[in-house]
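For reference, query01.cif (mmCIF, C-alpha atoms and all ligand atoms):
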data_protein
#
loop_
_atom_site.label_atom_id
_atom_site.label_comp_id
_atom_site.auth_asym_id
_atom_site.auth_seq_id
_atom_site.Cartn_x
_atom_site.Cartn_y
_atom_site.Cartn_z
CA MET A 773 87.30 113.10 83.07
CA SER A 774 83.78 111.74 83.38
CA VAL A 775 82.85 108.50 85.04
CA GLU A 776 81.90 107.13 81.62
CA GLU A 777 85.37 107.87 80.29
CA ILE A 778 86.95 106.23 83.31
CA LEU A 779 84.75 103.19 82.90
CA LYS A 780 85.81 102.91 79.25
CA LEU A 781 89.47 103.05 80.24
CA ALA A 782 88.93 100.53 82.99
CA ARG A 783 87.52 97.90 80.64
CA PRO A 784 90.09 96.06 78.58
CA GLY A 785 89.04 95.81 74.94
CA SER A 786 86.88 98.92 75.20
CA ILE A 787 86.75 101.46 72.39
CA ALA A 788 89.08 103.76 74.30
CA ALA A 789 91.63 101.01 74.87
CA ARG A 790 91.56 99.82 71.24
CA THR A 791 91.84 103.36 69.88
CA SER A 792 94.87 104.16 71.99
CA GLN A 793 96.58 100.92 70.93
CA ALA A 794 95.83 101.51 67.25
CA SER A 795 97.13 105.06 67.28
CA GLY A 796 100.39 104.18 69.04
CA ALA A 797 102.80 103.67 66.16
CA GLY A 798 103.67 105.26 62.84
CA LYS A 799 102.14 108.67 63.49
CA SER A 800 103.94 111.94 63.11
CA LYS A 801 102.63 113.28 66.42
CA PRO A 802 105.04 112.57 69.26
CA ALA A 803 103.51 109.86 71.40
CA LYS A 804 102.74 110.66 74.99
CA PRO A 805 105.05 108.81 77.37
CA ARG A 806 103.17 105.65 78.25
CA LYS A 807 102.72 104.57 81.83
CA ALA A 808 103.93 101.13 82.63
CA LYS A 809 101.31 98.51 81.81
CA GLY A 810 99.23 97.34 84.73
CA LYS A 811 99.63 100.52 86.71
CA LYS A 812 96.21 102.00 86.09
CA GLY A 813 93.35 101.76 88.48
CA VAL A 814 91.69 103.40 91.41
CA VAL A 815 92.51 104.48 94.93
CA LEU A 816 89.83 104.48 97.59
CA PHE A 817 90.18 108.05 98.72
CA SER A 818 88.80 109.52 101.94
CA GLY A 819 91.05 112.56 102.17
CA GLY A 820 92.61 111.29 105.39
CA LEU A 821 96.31 110.96 106.05
CA ASP A 822 96.51 107.33 104.90
CA SER A 823 94.80 107.68 101.53
CA VAL A 824 96.55 110.95 100.70
CA GLY A 825 99.99 109.67 101.74
CA LEU A 826 99.65 106.37 99.90
CA ALA A 827 98.28 108.10 96.79
CA ILE A 828 101.40 110.30 96.74
CA LEU A 829 103.69 107.28 97.09
CA ALA A 830 101.80 105.41 94.36
CA LYS A 831 102.03 108.32 91.95
CA ARG A 832 105.78 108.50 92.52
CA GLN A 833 106.02 104.84 91.54
CA GLY A 834 104.24 105.51 88.25
CA TYR A 835 100.73 104.41 89.18
CA ASP A 836 97.96 106.30 87.43
CA LEU A 837 95.09 106.05 89.88
CA THR A 838 91.66 107.63 89.79
CA PRO A 839 90.64 108.68 93.29
CA VAL A 840 87.26 107.26 94.25
CA PHE A 841 85.38 108.79 97.15
CA MET A 842 82.65 106.76 98.80
CA SER A 843 80.28 109.37 100.12
CA HIS A 844 79.05 107.79 103.29
CA ARG A 845 79.49 107.91 107.01
CA ALA A 846 79.06 104.79 108.97
CA ASN A 847 77.88 106.65 112.05
CA VAL A 848 76.32 110.03 111.34
CA GLY A 849 74.86 110.20 107.85
CA ASN A 850 76.02 112.16 104.84
CA VAL A 851 79.33 113.89 104.33
CA THR A 852 79.29 117.67 104.17
CA LYS A 853 80.06 119.80 101.14
CA LYS A 854 83.12 121.13 102.98
CA GLU A 855 84.54 117.63 103.44
CA LEU A 856 83.88 116.75 99.81
CA THR A 857 85.50 119.94 98.52
CA ALA A 858 88.56 119.35 100.70
CA ALA A 859 88.85 115.73 99.55
CA ARG A 860 88.45 116.72 95.91
CA GLU A 861 91.31 119.18 96.09
CA LEU A 862 93.60 116.81 97.96
CA ALA A 863 92.74 114.03 95.50
CA LYS A 864 93.68 116.13 92.49
CA ARG A 865 96.95 117.22 94.06
CA ALA A 866 97.91 113.78 95.33
CA THR A 867 97.07 111.76 92.20
CA GLY A 868 96.88 114.30 89.37
CA ASN A 869 93.43 112.93 88.54
CA THR A 870 89.89 114.11 89.16
CA MET A 871 88.05 112.48 92.02
CA VAL A 872 85.02 110.35 91.28
CA VAL A 873 82.28 110.35 93.90
CA PHE A 874 79.93 107.50 94.51
CA LYS A 875 77.05 109.01 96.35
CA PRO A 876 74.45 106.48 97.33
CA LYS A 877 70.81 107.35 96.95
CA ALA A 878 68.59 105.99 99.67
CA LYS A 879 67.35 103.25 97.34
CA ARG A 880 70.87 102.42 96.22
CA LEU A 881 72.07 102.20 99.80
CA ALA A 882 69.86 99.19 100.28
CA ASP A 883 71.75 97.43 97.50
CA TRP A 884 75.09 98.34 99.03
CA TYR A 885 74.49 97.70 102.65
CA GLY A 886 71.62 95.29 102.84
CA PRO A 887 67.89 95.62 103.50
CA ALA A 888 68.26 97.27 106.91
CA VAL A 889 69.04 100.63 105.33
CA GLN A 890 65.75 100.85 103.47
CA TYR A 891 64.39 102.48 106.58
CA THR A 892 66.96 105.16 107.18
CA THR A 893 69.64 107.16 105.44
CA ARG A 894 71.19 108.16 108.75
CA LEU A 895 72.83 104.84 109.47
CA PRO A 896 73.82 103.24 106.19
CA VAL A 897 75.70 100.27 107.54
CA PRO A 898 73.70 97.71 109.48
CA ALA A 899 75.42 96.59 112.66
CA LYS A 900 76.15 93.10 111.38
CA ARG A 901 78.07 94.48 108.38
CA LYS A 902 79.72 97.43 110.10
CA ASN A 903 83.10 95.77 109.87
CA TRP A 904 82.73 95.14 106.15
CA ARG A 905 83.34 98.67 104.96
CA ASN A 906 86.19 97.97 102.57
CA ARG A 907 84.56 94.82 101.25
CA ILE A 908 81.41 96.84 100.54
CA PHE A 909 83.53 99.41 98.70
CA LEU A 910 84.98 96.61 96.56
CA ASP A 911 81.41 95.55 95.73
CA VAL A 912 80.68 99.10 94.57
CA LEU A 913 83.82 99.23 92.42
CA LYS A 914 82.96 95.86 90.89
CA ASP A 915 79.44 97.04 90.02
CA ALA A 916 80.91 100.15 88.38
CA GLY A 917 83.42 98.18 86.31
CA LEU A 918 86.35 99.63 88.25
CA ALA A 919 87.65 96.45 89.87
CA ASP A 920 89.80 95.08 87.06
CA GLY A 921 92.91 97.22 87.50
CA ILE A 922 94.88 98.31 90.54
CA VAL A 923 92.70 98.90 93.60
CA LEU A 924 94.65 100.77 96.28
CA VAL A 925 93.05 100.61 99.71
CA GLY A 926 94.65 102.75 102.40
CA VAL A 927 94.83 100.18 105.15
CA PHE A 928 97.73 98.85 107.18
CA GLY A 929 96.74 95.23 107.54
CA GLY A 930 95.22 93.12 110.25
CA GLY A 931 97.01 93.47 113.53
CA GLU A 932 95.70 92.88 117.00
CA ARG A 933 93.30 95.80 117.13
CA ALA A 934 91.68 94.88 113.82
CA ALA A 935 91.40 91.26 114.86
CA GLN A 936 89.70 92.24 118.12
CA ALA A 937 87.21 94.39 116.24
CA GLY A 938 86.54 91.55 113.79
CA ARG A 939 87.95 93.68 110.99
CA ALA A 940 91.01 91.61 110.15
CA SER A 941 89.86 90.56 106.70
CA ASP A 942 88.39 93.98 105.95
CA VAL A 943 91.77 95.68 106.40
CA SER A 944 94.28 93.02 105.34
CA LYS A 945 95.69 92.73 101.85
CA LYS A 946 95.12 89.00 101.93
CA GLY A 947 91.49 89.28 103.02
CA LEU A 948 90.65 92.04 100.56
CA SER A 949 92.42 90.30 97.67
CA ALA A 950 90.48 87.12 98.39
CA TYR A 951 87.23 89.04 98.55
CA LEU A 952 87.89 90.86 95.26
CA LYS A 953 88.54 87.53 93.58
CA LYS A 954 85.42 86.03 95.13
CA ILE A 955 83.19 88.75 93.66
CA GLY A 956 84.79 88.40 90.23
CA GLY A 957 87.10 91.43 90.18
CA LYS A 958 90.18 90.80 88.02
CA GLY A 959 92.18 93.60 89.61
CA THR A 960 95.02 93.64 92.11
CA VAL A 961 94.56 94.99 95.61
CA LEU A 962 97.40 97.12 96.94
CA THR A 963 97.58 98.26 100.54
CA ALA A 964 100.04 100.17 102.73
CA GLU A 965 102.37 97.17 102.92
CA ASP A 966 103.05 97.44 99.18
CA PHE A 967 104.66 100.79 99.90
CA GLY A 968 106.70 99.54 102.84
CA THR A 969 104.58 101.33 105.41
CA ARG A 970 103.10 99.81 108.54
CA ASP A 971 101.55 102.85 110.20
CA LYS A 972 100.88 106.58 109.83
CA GLU A 973 104.36 107.51 111.05
CA ALA A 974 105.90 105.35 108.32
CA VAL A 975 103.70 107.03 105.71
CA LEU A 976 104.89 110.47 106.82
CA ARG A 977 108.53 109.34 106.72
CA ALA A 978 108.14 107.69 103.31
CA VAL A 979 106.42 110.71 101.79
CA GLY A 980 109.04 113.06 103.21
CA ASN A 981 108.76 116.39 105.00
CA ARG A 982 109.03 118.79 102.07
CA LYS A 983 106.97 121.90 101.45
CA ARG A 984 104.45 120.42 99.02
CA THR A 985 103.96 117.09 100.76
CA ARG A 986 103.83 118.78 104.16
CA GLU A 987 101.06 121.06 102.91
CA LEU A 988 99.09 118.13 101.55
CA LEU A 989 99.42 115.89 104.57
CA THR A 990 98.78 118.54 107.20
CA ALA A 991 95.60 119.48 105.31
CA THR A 992 94.17 115.99 105.82
CA GLU A 993 91.70 115.13 108.55
CA SER A 994 91.26 111.65 109.91
CA CYS A 995 88.75 112.29 112.68
CA LEU A 996 86.01 109.72 113.12
CA MET A 997 83.66 112.12 114.89
CA TYR A 998 82.91 114.71 112.21
CA PHE A 999 82.65 117.74 114.49
CA ALA A 1000 83.43 121.18 113.09
CA LYS A 1001 86.99 120.64 114.34
CA PRO A 1002 88.77 117.28 114.59
CA CYS A 1003 87.77 115.98 118.04
CA GLY A 1004 91.29 115.13 119.13
CA ASN A 1005 90.13 112.25 121.30
CA CYS A 1006 89.01 109.52 118.92
CA TRP A 1007 91.33 106.66 118.10
CA SER A 1008 92.11 108.04 114.67
CA CYS A 1009 92.86 111.62 115.82
CA VAL A 1010 95.23 110.40 118.53
CA ASP A 1011 96.94 107.92 116.21
CA ARG A 1012 97.47 110.69 113.67
CA ALA A 1013 98.79 113.19 116.25
CA GLU A 1014 101.20 110.60 117.63
CA ALA A 1015 102.46 109.89 114.11
CA PHE A 1016 103.22 113.55 113.46
CA GLN A 1017 105.08 113.73 116.74
CA ALA A 1018 107.03 110.50 116.18
CA ALA A 1019 108.02 111.54 112.66
CA GLY A 1020 109.09 114.97 113.94
CA TRP A 1021 106.59 116.94 111.85
CA GLU A 1022 104.90 120.02 113.23
CA ASP A 1023 101.19 119.24 113.62
CA LYS A 1024 99.12 122.24 112.63
CA THR A 1025 95.81 120.40 112.74
CA GLY A 1026 93.10 122.46 114.42
CA TYR A 1027 92.17 119.89 117.05
CA ARG A 1028 89.95 120.92 119.91
CA PRO A 1029 92.64 122.45 122.15
CA LYS A 1030 91.94 120.56 125.37
CA SER A 1031 91.81 117.18 123.65
CA THR A 1032 94.52 114.54 123.83
CA ALA A 1033 95.68 115.25 120.26
CA GLY A 1034 95.38 119.00 120.86
CA ARG A 1035 97.78 118.75 123.77
CA LEU A 1036 100.12 116.47 121.82
CA ALA A 1037 100.20 118.86 118.87
CA LYS A 1038 101.15 121.74 121.17
CA GLY A 1039 104.06 119.65 122.37
ZN ZN B 1 88.70 112.60 116.23
#

Starting from the file, lay out its structure as structure tokens.
Ligand SMILES: [Zn+2]
Amino acid sequence: MSVEEILKLARPGSIAARTSQASGAGKSKPAKPRKAKGKKGVVLFSGGLDSVGLAILAKRQGYDLTPVFMSHRANVGNVTKKELTAARELAKRATGNTMVVFKPKAKRLADWYGPAVQYTTRLPVPAKRKNWRNRIFLDVLKDAGLADGIVLVGVFGGGERAAQAGRASDVSKKGLSAYLKKIGGKGTVLTAEDFGTRDKEAVLRAVGNRKRTRELLTATESCLMYFAKPCGNCWSCVDRAEAFQAAGWEDKTGYRPKSTAGRLAKG
């Protein structure tokens, strides 16, 4: 499905929406089973454990979500083709839908992240907005006409760590919902709490350790360092490794072997 087609579907009253309503009744063709109303939208999809796990849970509950990948790195520049390919495959398997990629051009980055990025494509987020990542993503969705349905953001809510980092409103359902409303999005923000999960361990337990889901979740990477292998020492790697251990899943992630997560994964 092309972005244009998705945009049509996302806008109520569009040609696509009217056509599907008009063709619903009185035809000899058997109608496709309709998804429950209000369950269409997007999931911000990074290909990490949180977005993949929550996308699986959402699909089970009947949500029909288009995975949206924001091609950026706050710290080291552009994502690699390998990361994109991996995310694309996980996105398709987790949601059943084709991933849409928003890849900022240097000029476009300035619109997203503020004037500071006009001078570099290596560091797209100026320091003063570094903690605004999810709010910036909502801006992008709004601009693209994708902010009027469900918007699933794979975050677990404020908490002490987020508050200390000044990220509380960037990762809380309340903060993100308020921001979406402020910028004129008519959609509904869903976060991890809507699926009864408070952390990565809970996501693993909710998804369930079965062959297919195990394959999908162990194929994720959540490292913040973007080395050839997951570093095993960053906050996200360690958090992820601890979750696998706590949930009793074997962790086959190829961490650097002498790292904290590498040692944890070995048991
Ligand atoms: Zn790492």

Contacts of chain A with ligand ZN 1 (chain B) up to 10 Å, shortest pair per row, only C-alpha atoms and all ligand atoms, as CSV:
residue,atom,partner,partner_atom,distance
A:Glu993,CA,B:ZN1,ZN,8.6
A:Ser994,CA,B:ZN1,ZN,6.9
A:Cys995,CA,B:ZN1,ZN,3.6
A:Leu996,CA,B:ZN1,ZN,5.0
A:Met997,CA,B:ZN1,ZN,5.2
A:Tyr998,CA,B:ZN1,ZN,7.4
A:Phe999,CA,B:ZN1,ZN,8.1
A:Lys1001,CA,B:ZN1,ZN,8.4
A:Pro1002,CA,B:ZN1,ZN,5.0
A:Cys1003,CA,B:ZN1,ZN,3.9
A:Gly1004,CA,B:ZN1,ZN,4.6
A:Asn1005,CA,B:ZN1,ZN,5.3
A:Cys1006,CA,B:ZN1,ZN,4.1
A:Trp1007,CA,B:ZN1,ZN,6.8
A:Ser1008,CA,B:ZN1,ZN,5.9
A:Cys1009,CA,B:ZN1,ZN,4.3
A:Val1010,CA,B:ZN1,ZN,7.3
A:Asp1011,CA,B:ZN1,ZN,9.5
A:Arg1012,CA,B:ZN1,ZN,9.3
A:Tyr1027,CA,B:ZN1,ZN,8.1
A:Arg1028,CA,B:ZN1,ZN,9.2
A:Ser1031,CA,B:ZN1,ZN,9.3
A:Thr1032,CA,B:ZN1,ZN,9.8
A:Ala1033,CA,B:ZN1,ZN,8.5

Distance atom CA of Ala1019 of chain A-atom CA of Thr857 of chain A, one decimal place?
27.9 Å

As JSON, please: the centre and edge lengths in Å, to one decimal, of an axis-aligned box enclosing every listed atom of segment 856-866 of chain A with 5 Å added on each side.
{"center_x": 90.9, "center_y": 116.9, "center_z": 96.6, "size_x": 24.0, "size_y": 16.2, "size_z": 18.2}

Between atom CA of Pro839 of chain A and atom CA of Phe817 of chain A, what is the spacing in Å?
5.5 Å

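Distances from A:Ala991, A:Ala978, A:Val814, A:Ala1037 to Arg865 of chain A were compared using all atoms listed in the file, and the smallest one belongs to A:Ala991.
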
Which residues come within 8 Å of Lys831 of chain A, counting only C-alpha atoms, excluding same-chain residues fewer than 5 positions away, as a JSON list (two decimals) with C-alpha atoms, in the coordinates of the input?
[["chain", "number", "residue", "atom", "x", "y", "z"],
["A", 836, "ASP", "CA", 97.96, 106.30, 87.43],
["A", 837, "LEU", "CA", 95.09, 106.05, 89.88],
["A", 866, "ALA", "CA", 97.91, 113.78, 95.33],
["A", 867, "THR", "CA", 97.07, 111.76, 92.20]]

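Shortest separation to Val840 of chain A among A:Val872, A:Gly825, A:Glu855, A:Leu910 occurs at residue A:Val872, atoms counted being only C-alpha atoms.
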